[in-house]
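Note sheet for the following structure.
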Amino acid sequence: MKLFKSNSIIGAHTRGTLWALILTLVSVLIFALFVTWGVSGSAISPIVQAVKVISIFFGVFIVLRGVSTKAWLHGAIFGLVYTVFAFLIFSIIDTNFSITTGFLIDSGFAVIIGAISAILIRLRKRGV
């Protein structure tokens, strides 16, 4: 198994994570513009969750191009890895590195969304 090559499992996860994080950062910046124009405060949390789900789905899609077995497991692992890196990036931006129950809930949510995304992508690929 070519572990560190660009067409390896780790390479697939790295590509997926980078693209998902880029999508997240761009989406958050665009959303920040809308917030300055007066988007309701109650809309922030659902939109942030939607951005996470879309980014995880997009990242899992990229990861699955590089793996052939146990898609659900790769999706779940991707969800966790994405959450950790997103936490680190946004903690650096916010200069606040506190791990809260919210982070733990987000991690569990991301693992589930990653696994479900992988299952849906594989089913779609099989034509089901």
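Scheme for the structure tokens: letters A, B, ... for chains in order shown; per-chain residue numbers from 1; ligand numbers from 1 in order shown.
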For this session: Check chain A with DSSP on the backbone and list each residue it calls alpha helix (DSSP H), as JSON, numbers by chain.
Result: {"A": [9, 10, 11, 12, 13, 14, 15, 16, 17, 18, 19, 20, 21, 22, 23, 24, 25, 26, 27, 28, 29, 30, 31, 32, 33, 34, 35, 36, 44, 45, 46, 47, 48, 49, 50, 51, 52, 53, 54, 55, 56, 57, 58, 59, 60, 61, 62, 63, 64, 71, 72, 73, 74, 75, 76, 77, 78, 79, 80, 81, 82, 83, 84, 85, 86, 87, 88, 89, 90, 91, 92, 93, 94, 101, 102, 103, 104, 105, 106, 107, 108, 109, 110, 111, 112, 113, 114, 115, 116, 117, 118, 119, 120, 121, 122, 123, 124, 125, 126]}
Problem set entry | Residues near His74 of chain A, cut-off 12 Å, only C-alpha atoms, skip fewer than 4 positions along chain, as number ranges by chain | A: 9-10, 12-13, 16-17, 56-57, 59-70, 78-82, 111-119, 122
Go ahead and save the residues from that selection, with C-alpha atoms, as a short mmCIF file (atom, residue, chain, number, x, y, z; two decimals), in the first residue's frame.
```
data_model
loop_
_atom_site.label_atom_id
_atom_site.label_comp_id
_atom_site.auth_asym_id
_atom_site.auth_seq_id
_atom_site.Cartn_x
_atom_site.Cartn_y
_atom_site.Cartn_z
CA ILE A 9 -5.42 6.72 1.26
CA ILE A 10 -3.63 9.44 3.23
CA ALA A 12 -6.97 11.15 -0.62
CA HIS A 13 -7.80 12.24 2.93
CA GLY A 16 -10.37 16.01 0.77
CA THR A 17 -9.53 17.83 3.99
CA ILE A 56 -17.96 17.33 4.77
CA PHE A 57 -19.99 15.90 1.87
CA GLY A 59 -14.54 16.34 1.20
CA VAL A 60 -15.89 12.79 1.46
CA PHE A 61 -16.62 12.85 -2.27
CA ILE A 62 -12.95 13.68 -2.92
CA VAL A 63 -11.72 11.06 -0.43
CA LEU A 64 -13.83 8.30 -1.99
CA ARG A 65 -12.21 8.88 -5.36
CA GLY A 66 -9.02 7.54 -3.77
CA VAL A 67 -10.37 4.60 -1.76
CA SER A 68 -12.27 1.50 -2.80
CA THR A 69 -13.32 -0.24 0.41
CA LYS A 70 -15.06 0.66 3.68
CA PHE A 78 -12.83 12.22 7.36
CA GLY A 79 -15.60 13.90 9.37
CA LEU A 80 -13.50 13.71 12.53
CA VAL A 81 -10.30 14.90 10.85
CA TYR A 82 -12.14 17.77 9.15
CA VAL A 111 -18.46 11.58 12.10
CA ILE A 112 -22.10 10.68 11.47
CA ILE A 113 -22.44 13.08 8.52
CA GLY A 114 -19.18 11.77 7.05
CA ALA A 115 -20.34 8.15 7.25
CA ILE A 116 -23.79 8.96 5.83
CA SER A 117 -22.21 11.02 3.03
CA ALA A 118 -19.95 8.13 2.09
CA ILE A 119 -22.87 5.69 2.03
CA ARG A 122 -21.40 4.94 -2.93
#
```
For this session: Please provide the set of residues having any atom within 9 Å of Phe31 of chain A, restricted to only C-alpha atoms, with same-chain residues fewer than 4 positions apart removed, written as a list of chain:residue names.
Result: A:Val26, A:Ser27, A:Val35, A:Thr36, A:Ile44, A:Ile47, A:Val48
Exercise. Looking at only C-alpha atoms, which of A:Val84, A:Ala76, A:Leu23, A:Leu29 is the one that sits closest to Ser55 of chain A?
Worked result: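 Comparing A:Val84, A:Ala76, A:Leu23, A:Leu29 against Ser55 of chain A, the winner is A:Leu23.
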Exercise. Contacts of Thr83 of chain A at 8 Å or less, counting only C-alpha atoms, minus same-chain residues fewer than 3 places along, as a ChimeraX atom specification?
Worked result: /A:79-80,86-87,106-107,110
Exercise. Atom CA of Ile77 of chain A and atom CA of Phe103 of chain A are how many Å apart?
Worked result: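 Spanning atom CA of Ile77 of chain A to atom CA of Phe103 of chain A is a straight-line distance of 15.9 Å.
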For this session: Tell me, in Å to one decimal, how far atom CA of Ile22 of chain A is from atom CA of Phe58 of chain A.
Result: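 Interatomic distance here is 10.8 Å.
Nearest residue to Leu120 of chain A, choosing from A:Ile93, A:Leu88, A:Ala71, A:Ile99 and counting only C-alpha atoms: A:Ala71.
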